[in-house]
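**Q** Below you will find the structure I want to go over with you.
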Amino acid sequence: MILRKAFQFAITIPMSNSTVRFPLNAVLCLIFAVIPYVVFAQETGAIRGVVTIVRSGSPLHEALITVPRLRRVFVTDAEGRFEIPAIPAGSYDLVAHLGELSDLRKTVVVVAGQTTEVNFEMSIRPVREHITVTATGTPATAQEVLQPVTSLESTELVTRLSPSLGGALDHIPGVNRRSFGPGNDRPVIRGFDGDRVLIMQDGIRTGTVSSSSGDHGEPLNVASAERVEIIRGPATLLYGSNAIGGVVNMVGFGNHLHQHKHETLSGNLTFASGTTNGLAAGSGGFEFGKNGWLLWGGGGGQRTSDYNTPQGRIDNSATDSRNSYGGFGKYGEKAYFNFEYNYGEGNYGVPFAAEFHGHHHDDDDDHHDERRVSALQKRSSLIRRSEDDHDDHEDHHDEEHISIGWRRHNVRSEFGLTKMPGFAENFRLVMNYSDWNHRELEGDEIGTEFFNKQFVYRGTFDQKRRGALHGSFGFWGMQRDFEARGIEALAPPTTQNAVAVFALEELDYERVKFQFGGRLEHNRYRPLGLQERNFTAFSGSTGFAVPLPEGFTFAASYSHSSRAPALEELYNNGPHIGNLTYEVGNPNLKVERGNGAEVSLRRLTPRFHTEANFFYYNFSNFVFLAPTGETDDGLPVADFTQANSRFYGFDGRVDFETVRNVWVKLGVDTVNARLTSLNTGLPRIPPARARLGLDFRPGRLSIQPELAMGSRQSSTYFEETETPGYAVVNVRASYSIPTQHATHIFSADAFNLGDRLWRNHLSFIKDLAPEIGRGIRFGYSLRFF
């Protein structure tokens, strides 16, 4: 009886004027594996070694040495040395990582009472072992986690700089981009978009409103990132119902990767420029550590002009953004804390939006619908003409432009305990407050203004390893205040509160790894003047990974995911230009539930890297916009409703060395998504794509010609147009100079060399605006340590 009351107290959580009480049996199911009943001592040994540059033998300091099995990270000193004390006897993988140099993985056996020596010689190679912190919440290799994870390092990101996040990632198998112009590209993962794909910065959601509209962007500056990690498939256990389709996590430099004391003076500089869209970008940052204190800061900016296509310039497609950040922290042997402030601001044009906005200001005109259709037909005709007719396009450059000006304040604080006694060895609490505002400008006047203030906290306990069992569990919460004012204020001011408990466990045996876990989450919406809604949902998953001979790994998983309807799906009501629809929300929507299975085959050797992923997801109560056949304010009316749906597909890649220093690189993805209840395709589902490339690597030089192809997309939704296939030739080149204390990388990216006309099926304005034409980007990146 006493134990039961204790559990009830722990899981009764106050929320404003009410409380949320999670069922006891559900919580017990979540945490049964995290409480050990037998504590026993283990005999320990140690590991030490040196990290150097290949050929020269120069020592490398500030290299990260990760022990994934123990979820511990160590840093080399000024002589390139590292030591890992007090490790239980057994076999361990160690991964060495330092910026642009290729990650190395070695297996060592620790003997009780002895010190094992292991050294690393690092170089730059196309095949590397990636460490991910997003997939499991703690450091793990991408090869051993159950879900497919792709990690892009800063050197690759600089060659793919884009005004918004989606444009930097859409070459990855399984990842596309939705857009209403280059300033608002947003990642789409396996056909999932909007509220089903979660965007994070250093493990915490960004607090923007990019998921709610096609013209809302996610303006993260990837030039300020050490890496970007993408999880393909449900990640609801750790990150909530918004991650039902996948997660994109931008990881900053340094302090967020290794939360412990280290003496350092390190930093980075990046510059880039390009043709066809007038790209100019620069960013930089530093980190200084002394006597347990750490100080860091940096910032950057990027601008582009209107971009050119094979059929002319796309008016009002320019972008401009700036960001800065700074922070400090204190790191001790058993505790740490840090504090950071971020600020960003910018402006981007929304091409062709004026064609849709014009009729809002003349509701008494009986013919505004006809004028809108006529204007769109004329614009479509102009943009599709051949190069001989470009002059006609100039007639429209003086029209009133629609643009979005945005700014974001972000305050983040983190507190942690390490080497704790008892069943949990580490505890980490992150608190993050973001204040997002953007103004939709019609010329110089504000048409609509959005405010989104969000406080998120997340506490995680890492369990001490007990035999084969280890894992983490924790709690999470969010309070969000949303308000929109003006013409497109479609939803009332709304407060959203959410709380959750979660656990993710692993049984790690020598020949197989099992993973299982669950999350119980409650969401409450309180809109001004409309019906309140409460949703409580459970998500769970299980799976296994088996290492096979010749460097292969086979992984399989099953997941049950639940998503509470988004604020916009519940309460929007009015003309939504960003989605080209008059939206009618439905406050009676139910929890969206999905069941999915995925199998993966991976191989990683010094000369071969392959990954093949097959997935199938089946959804009940899938939320979508259903056209009614009517029009209002010149836009088609659509109701948010629910039906059954299913997604299946494949994504994969193969990189292998044919002869010395010549690599073949292949990538492919395809997804088929339908509303099974209506036997029709879903909107903006990407077509099948393939990439075929080579990588010539004589010494420090890399030259990568590539053919990127997309098939015709004929599986469309109501009134959605088909998109023809395309084939585009790109060539990337880079030259690297690694030294003991710095790495310099010079890069060039020549894209669409044939100046081919092609269209992105996921663009809201694909029939009006083709993709960018022939051009070249130049970049320089410096990482000093």
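By order of appearance in the structure tokens: chains A, B, ..., then residues from 1 within every chain, and ligands from 1 in the order shown.
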Check range 417-658 of chain A with DSSP on the backbone and list each residue it calls alpha helix (DSSP H), as a PyMOL selection string.
**A** chain A and resi 567-571
**Q** Could you write those residues out with N, CA, C and O atoms, as a CSV table (one decimal), in the first residue's frame?
**A**
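So the final result, stored in part30.csv, reads:
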chain,number,residue,atom,x,y,z
A,567,LEU,N,-2.0,22.0,-32.9
A,567,LEU,CA,-2.9,23.1,-32.6
A,567,LEU,C,-3.6,23.5,-33.9
A,567,LEU,O,-4.8,23.8,-33.9
A,568,GLU,N,-2.9,23.6,-35.0
A,568,GLU,CA,-3.5,24.1,-36.3
A,568,GLU,C,-4.5,23.1,-36.8
A,568,GLU,O,-5.5,23.5,-37.3
A,569,GLU,N,-4.3,21.8,-36.6
A,569,GLU,CA,-5.3,20.8,-37.0
A,569,GLU,C,-6.6,20.9,-36.2
A,569,GLU,O,-7.7,20.6,-36.7
A,570,LEU,N,-6.5,21.3,-35.0
A,570,LEU,CA,-7.7,21.4,-34.1
A,570,LEU,C,-8.4,22.7,-34.3
A,570,LEU,O,-9.7,22.7,-34.3
A,571,TYR,N,-7.7,23.8,-34.5
A,571,TYR,CA,-8.4,25.1,-34.3
A,571,TYR,C,-8.3,26.1,-35.5
A,571,TYR,O,-8.9,27.1,-35.5
**Q** Report as a VMD selection string all protein, DNA and RNA residues lying within 8 Å of Met200 in chain A, evaluated on only C-alpha atoms, omitting residues in the same chain fewer than 2 positions from it.
**A** chain A and resid 198 202 to 206 247 to 250
**Q** Quick check for you: according to DSSP on this backbone, which residues of range 693-746 of chain A are classed as strand (DSSP E)? Reply as JSON, numbers by chain.
**A** {"A": [693, 694, 695, 696, 701, 702, 703, 704, 705, 706, 707, 708, 709, 710, 726, 727, 728, 729, 730, 731, 732, 733, 734, 735, 736, 737, 738, 742, 743, 744, 745, 746]}
**Q** Using C-alpha atoms, can you write the selected residues to a file as a PDB file, in the first residue's frame?
**A**
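As a result, selection_30.pdb now contains:
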ATOM      1  CA  GLY A 693      28.718   9.397 -58.158  1.00  0.00           C
ATOM      2  CA  LEU A 694      32.445   8.903 -57.986  1.00  0.00           C
ATOM      3  CA  ASP A 695      35.008  10.166 -55.510  1.00  0.00           C
ATOM      4  CA  PHE A 696      38.583  10.570 -56.735  1.00  0.00           C
ATOM      5  CA  LEU A 701      42.206  16.307 -52.890  1.00  0.00           C
ATOM      6  CA  SER A 702      38.677  14.984 -53.399  1.00  0.00           C
ATOM      7  CA  ILE A 703      36.764  15.352 -56.683  1.00  0.00           C
ATOM      8  CA  GLN A 704      33.167  14.073 -56.716  1.00  0.00           C
ATOM      9  CA  PRO A 705      31.128  14.131 -59.941  1.00  0.00           C
ATOM     10  CA  GLU A 706      27.518  13.127 -59.418  1.00  0.00           C
ATOM     11  CA  LEU A 707      24.343  12.440 -61.357  1.00  0.00           C
ATOM     12  CA  ALA A 708      21.182  13.150 -59.309  1.00  0.00           C
ATOM     13  CA  MET A 709      17.941  11.770 -60.727  1.00  0.00           C
ATOM     14  CA  GLY A 710      14.272  11.854 -59.813  1.00  0.00           C
ATOM     15  CA  TYR A 726      14.764  15.058 -63.965  1.00  0.00           C
ATOM     16  CA  ALA A 727      18.497  14.390 -64.146  1.00  0.00           C
ATOM     17  CA  VAL A 728      21.035  16.924 -62.828  1.00  0.00           C
ATOM     18  CA  VAL A 729      24.845  16.796 -62.943  1.00  0.00           C
ATOM     19  CA  ASN A 730      26.882  18.183 -60.020  1.00  0.00           C
ATOM     20  CA  VAL A 731      30.601  18.196 -59.245  1.00  0.00           C
ATOM     21  CA  ARG A 732      32.076  18.820 -55.793  1.00  0.00           C
ATOM     22  CA  ALA A 733      35.743  19.251 -54.967  1.00  0.00           C
ATOM     23  CA  SER A 734      37.658  19.858 -51.758  1.00  0.00           C
ATOM     24  CA  TYR A 735      41.258  20.111 -50.597  1.00  0.00           C
ATOM     25  CA  SER A 736      42.135  19.441 -46.955  1.00  0.00           C
ATOM     26  CA  ILE A 737      45.192  20.456 -44.962  1.00  0.00           C
ATOM     27  CA  PRO A 738      45.221  18.720 -41.566  1.00  0.00           C
ATOM     28  CA  ALA A 742      44.165  23.065 -37.194  1.00  0.00           C
ATOM     29  CA  THR A 743      42.411  21.723 -40.253  1.00  0.00           C
ATOM     30  CA  HIS A 744      41.887  23.857 -43.365  1.00  0.00           C
ATOM     31  CA  ILE A 745      39.400  22.822 -46.039  1.00  0.00           C
ATOM     32  CA  PHE A 746      38.864  24.585 -49.360  1.00  0.00           C
TER      33      PHE A 746
END
**Q** Give me the residues within 10 Å of range 401-408 of chain A as a PyMOL selection string, counting only C-alpha atoms and dropping any in the same chain fewer than 4 places off.
**A** chain A and resi 183-184+206-208+215-217+219+315-323+342-355+357+397+434-450+452-453
**Q** Please save C-alpha atoms of the selected residues as an mmCIF file, in the first residue's frame.
**A**
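Written file, selection-v2.cif:
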data_model
loop_
_atom_site.group_PDB
_atom_site.id
_atom_site.type_symbol
_atom_site.label_atom_id
_atom_site.label_comp_id
_atom_site.auth_asym_id
_atom_site.auth_seq_id
_atom_site.Cartn_x
_atom_site.Cartn_y
_atom_site.Cartn_z
ATOM 1 C CA GLY A 183 13.892 30.907 -47.461
ATOM 2 C CA ASN A 184 11.479 28.381 -45.959
ATOM 3 C CA THR A 206 13.630 25.006 -31.679
ATOM 4 C CA GLY A 207 10.349 26.717 -30.766
ATOM 5 C CA THR A 208 9.564 28.052 -34.248
ATOM 6 C CA ASP A 215 5.820 29.420 -46.082
ATOM 7 C CA HIS A 216 7.236 29.179 -42.537
ATOM 8 C CA GLY A 217 10.914 28.301 -42.495
ATOM 9 C CA PRO A 219 16.213 29.311 -40.373
ATOM 10 C CA ASP A 315 11.393 37.469 -58.145
ATOM 11 C CA ASN A 316 11.164 37.994 -54.364
ATOM 12 C CA SER A 317 13.205 34.888 -53.495
ATOM 13 C CA ALA A 318 16.034 36.718 -51.676
ATOM 14 C CA THR A 319 16.974 35.849 -48.083
ATOM 15 C CA ASP A 320 18.968 37.421 -45.256
ATOM 16 C CA SER A 321 19.752 36.016 -41.795
ATOM 17 C CA ARG A 322 22.063 36.616 -38.830
ATOM 18 C CA ASN A 323 22.701 34.760 -35.581
ATOM 19 C CA ASN A 342 21.142 32.622 -28.682
ATOM 20 C CA TYR A 343 19.731 35.332 -30.897
ATOM 21 C CA GLY A 344 18.729 35.166 -34.536
ATOM 22 C CA GLU A 345 16.939 37.432 -36.980
ATOM 23 C CA GLY A 346 16.322 37.621 -40.691
ATOM 24 C CA ASN A 347 14.002 38.179 -43.592
ATOM 25 C CA TYR A 348 13.062 36.118 -46.631
ATOM 26 C CA GLY A 349 10.791 36.643 -49.602
ATOM 27 C CA VAL A 350 7.824 34.395 -50.398
ATOM 28 C CA PRO A 351 7.690 34.164 -54.206
ATOM 29 C CA PHE A 352 4.289 34.571 -55.876
ATOM 30 C CA ALA A 353 2.499 34.979 -52.530
ATOM 31 C CA ALA A 354 1.192 38.398 -53.615
ATOM 32 C CA GLU A 355 -0.862 36.648 -56.295
ATOM 33 C CA HIS A 357 -2.864 37.736 -50.991
ATOM 34 C CA HIS A 397 8.917 42.657 -60.679
ATOM 35 C CA SER A 434 12.492 30.286 -26.733
ATOM 36 C CA ASP A 435 10.676 33.419 -27.863
ATOM 37 C CA TRP A 436 9.805 33.292 -31.557
ATOM 38 C CA ASN A 437 8.212 36.110 -33.508
ATOM 39 C CA HIS A 438 7.670 36.558 -37.221
ATOM 40 C CA ARG A 439 5.879 39.170 -39.253
ATOM 41 C CA GLU A 440 4.319 38.496 -42.629
ATOM 42 C CA LEU A 441 4.904 41.765 -44.462
ATOM 43 C CA GLU A 442 2.836 42.988 -47.380
ATOM 44 C CA GLY A 443 5.209 45.609 -48.719
ATOM 45 C CA ASP A 444 6.046 47.586 -45.562
ATOM 46 C CA GLU A 445 2.824 46.743 -43.738
ATOM 47 C CA ILE A 446 2.364 43.860 -41.306
ATOM 48 C CA GLY A 447 -0.359 41.538 -42.547
ATOM 49 C CA THR A 448 -0.055 38.833 -39.877
ATOM 50 C CA GLU A 449 2.210 38.499 -36.860
ATOM 51 C CA PHE A 450 2.972 35.269 -34.981
ATOM 52 C CA ASN A 452 5.302 31.568 -29.999
ATOM 53 C CA LYS A 453 6.805 31.400 -26.516
#
**Q** Could you list, as a VMD selection string, every residue within 9 Å of range 760-773 of chain A, counting only C-alpha atoms and ignoring same-chain residues fewer than 6 positions away?
**A** chain A and resid 176 to 181 185 188 214 to 215 276 to 277 307 to 311 314 351 to 352 376 379 to 384 578 to 580 683 to 687 713 721 to 724 751 to 754
**Q** Could you check how far CA of Glu79 in chain A sits from CA of Val50 in chain A, in Å to one decimal?
**A** 7.8 Å
**Q** Could you check which of A:Met122, A:Ala78, A:Val67, A:Ala335 is closest to Thr52 in chain A, using only C-alpha atoms?
**A**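 Looking only at the distances to Thr52 in chain A, the closest residue turns out to be A:Met122.
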**Q** Find the distance between CA of Pro606 in chain A and CA of Arg700 in chain A and write it in Å to one decimal.
**A** 17.2 Å
**Q** Of the candidates A:Phe785, A:Glu532, A:Gly326, A:Glu333, which one gets nearest to Leu64 in chain A if we count only C-alpha atoms?
**A**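 Smallest separation from Leu64 in chain A among the options: A:Phe785.
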**Q** Of the candidates A:Glu488, A:Glu153, A:Glu505, A:Glu218, which shows the shortest atom-to-atom distance to Leu238 in chain A, using only C-alpha atoms?
**A** A:Glu505
**Q** CA of Tyr239 in chain A to CA of Phe286 in chain A: how many Å, to one decimal?
**A**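 It comes out at 29.3 Å.
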**Q** When distances are computed from only C-alpha atoms, which of A:Leu104, A:Ala566, A:Ala555, A:Val662 shows the smallest separation from Gln143 in chain A?
**A**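 Answer, going by the shortest atom-to-atom distance: A:Ala555.
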**Q** May I have the residues within 9 Å of Glu144 in chain A as a short mmCIF file (atom, residue, chain, number, x, y, z; two decimals) with all heavy atoms, in the first residue's frame, using only C-alpha atoms and disregarding those fewer than 3 positions away in the same chain?
**A**
data_model
loop_
_atom_site.label_atom_id
_atom_site.label_comp_id
_atom_site.auth_asym_id
_atom_site.auth_seq_id
_atom_site.Cartn_x
_atom_site.Cartn_y
_atom_site.Cartn_z
N ALA A 140 26.53 6.88 -29.19
CA ALA A 140 26.46 5.54 -29.75
C ALA A 140 26.90 5.61 -31.20
O ALA A 140 26.79 6.66 -31.84
CB ALA A 140 25.04 4.97 -29.65
N THR A 141 27.40 4.52 -31.73
CA THR A 141 27.78 4.50 -33.14
C THR A 141 26.55 4.30 -34.01
O THR A 141 25.62 3.58 -33.64
CB THR A 141 28.80 3.38 -33.43
OG1 THR A 141 28.17 2.11 -33.21
CG2 THR A 141 30.01 3.51 -32.54
N GLN A 147 17.67 2.42 -35.33
CA GLN A 147 17.10 3.24 -36.38
C GLN A 147 18.19 3.79 -37.29
O GLN A 147 19.31 4.06 -36.86
CB GLN A 147 16.30 4.40 -35.77
CG GLN A 147 15.00 3.97 -35.12
CD GLN A 147 14.28 5.16 -34.54
OE1 GLN A 147 14.67 5.67 -33.52
NE2 GLN A 147 13.21 5.58 -35.20
N LYS A 513 22.08 -7.38 -29.53
CA LYS A 513 21.65 -6.28 -28.67
C LYS A 513 20.14 -6.13 -28.81
O LYS A 513 19.61 -6.01 -29.92
CB LYS A 513 22.33 -4.98 -29.06
CG LYS A 513 21.81 -3.76 -28.30
CD LYS A 513 22.39 -2.46 -28.81
CE LYS A 513 23.87 -2.38 -28.51
NZ LYS A 513 24.42 -1.06 -28.88
N ALA A 545 19.59 -5.78 -32.73
CA ALA A 545 20.66 -5.63 -33.71
C ALA A 545 21.66 -6.76 -33.51
O ALA A 545 22.05 -7.07 -32.38
CB ALA A 545 21.36 -4.28 -33.56
N VAL A 546 22.04 -7.39 -34.61
CA VAL A 546 22.94 -8.55 -34.56
C VAL A 546 24.17 -8.27 -35.42
O VAL A 546 24.05 -8.03 -36.63
CB VAL A 546 22.24 -9.81 -35.09
CG1 VAL A 546 23.19 -11.01 -35.02
CG2 VAL A 546 20.97 -10.09 -34.30
N PRO A 547 25.36 -8.25 -34.83
CA PRO A 547 26.57 -8.13 -35.65
C PRO A 547 26.83 -9.43 -36.41
O PRO A 547 26.72 -10.52 -35.85
CB PRO A 547 27.67 -7.85 -34.63
CG PRO A 547 27.15 -8.38 -33.33
CD PRO A 547 25.66 -8.28 -33.39
N THR A 553 25.92 -5.68 -40.02
CA THR A 553 25.01 -5.63 -38.89
C THR A 553 23.58 -5.71 -39.42
O THR A 553 23.23 -4.99 -40.37
CB THR A 553 25.17 -4.32 -38.08
OG1 THR A 553 26.49 -4.24 -37.56
CG2 THR A 553 24.18 -4.27 -36.93
N ALA A 555 19.59 -5.25 -38.30
CA ALA A 555 18.75 -4.68 -37.25
C ALA A 555 17.29 -4.75 -37.68
O ALA A 555 16.96 -4.58 -38.86
CB ALA A 555 19.13 -3.23 -36.98
#
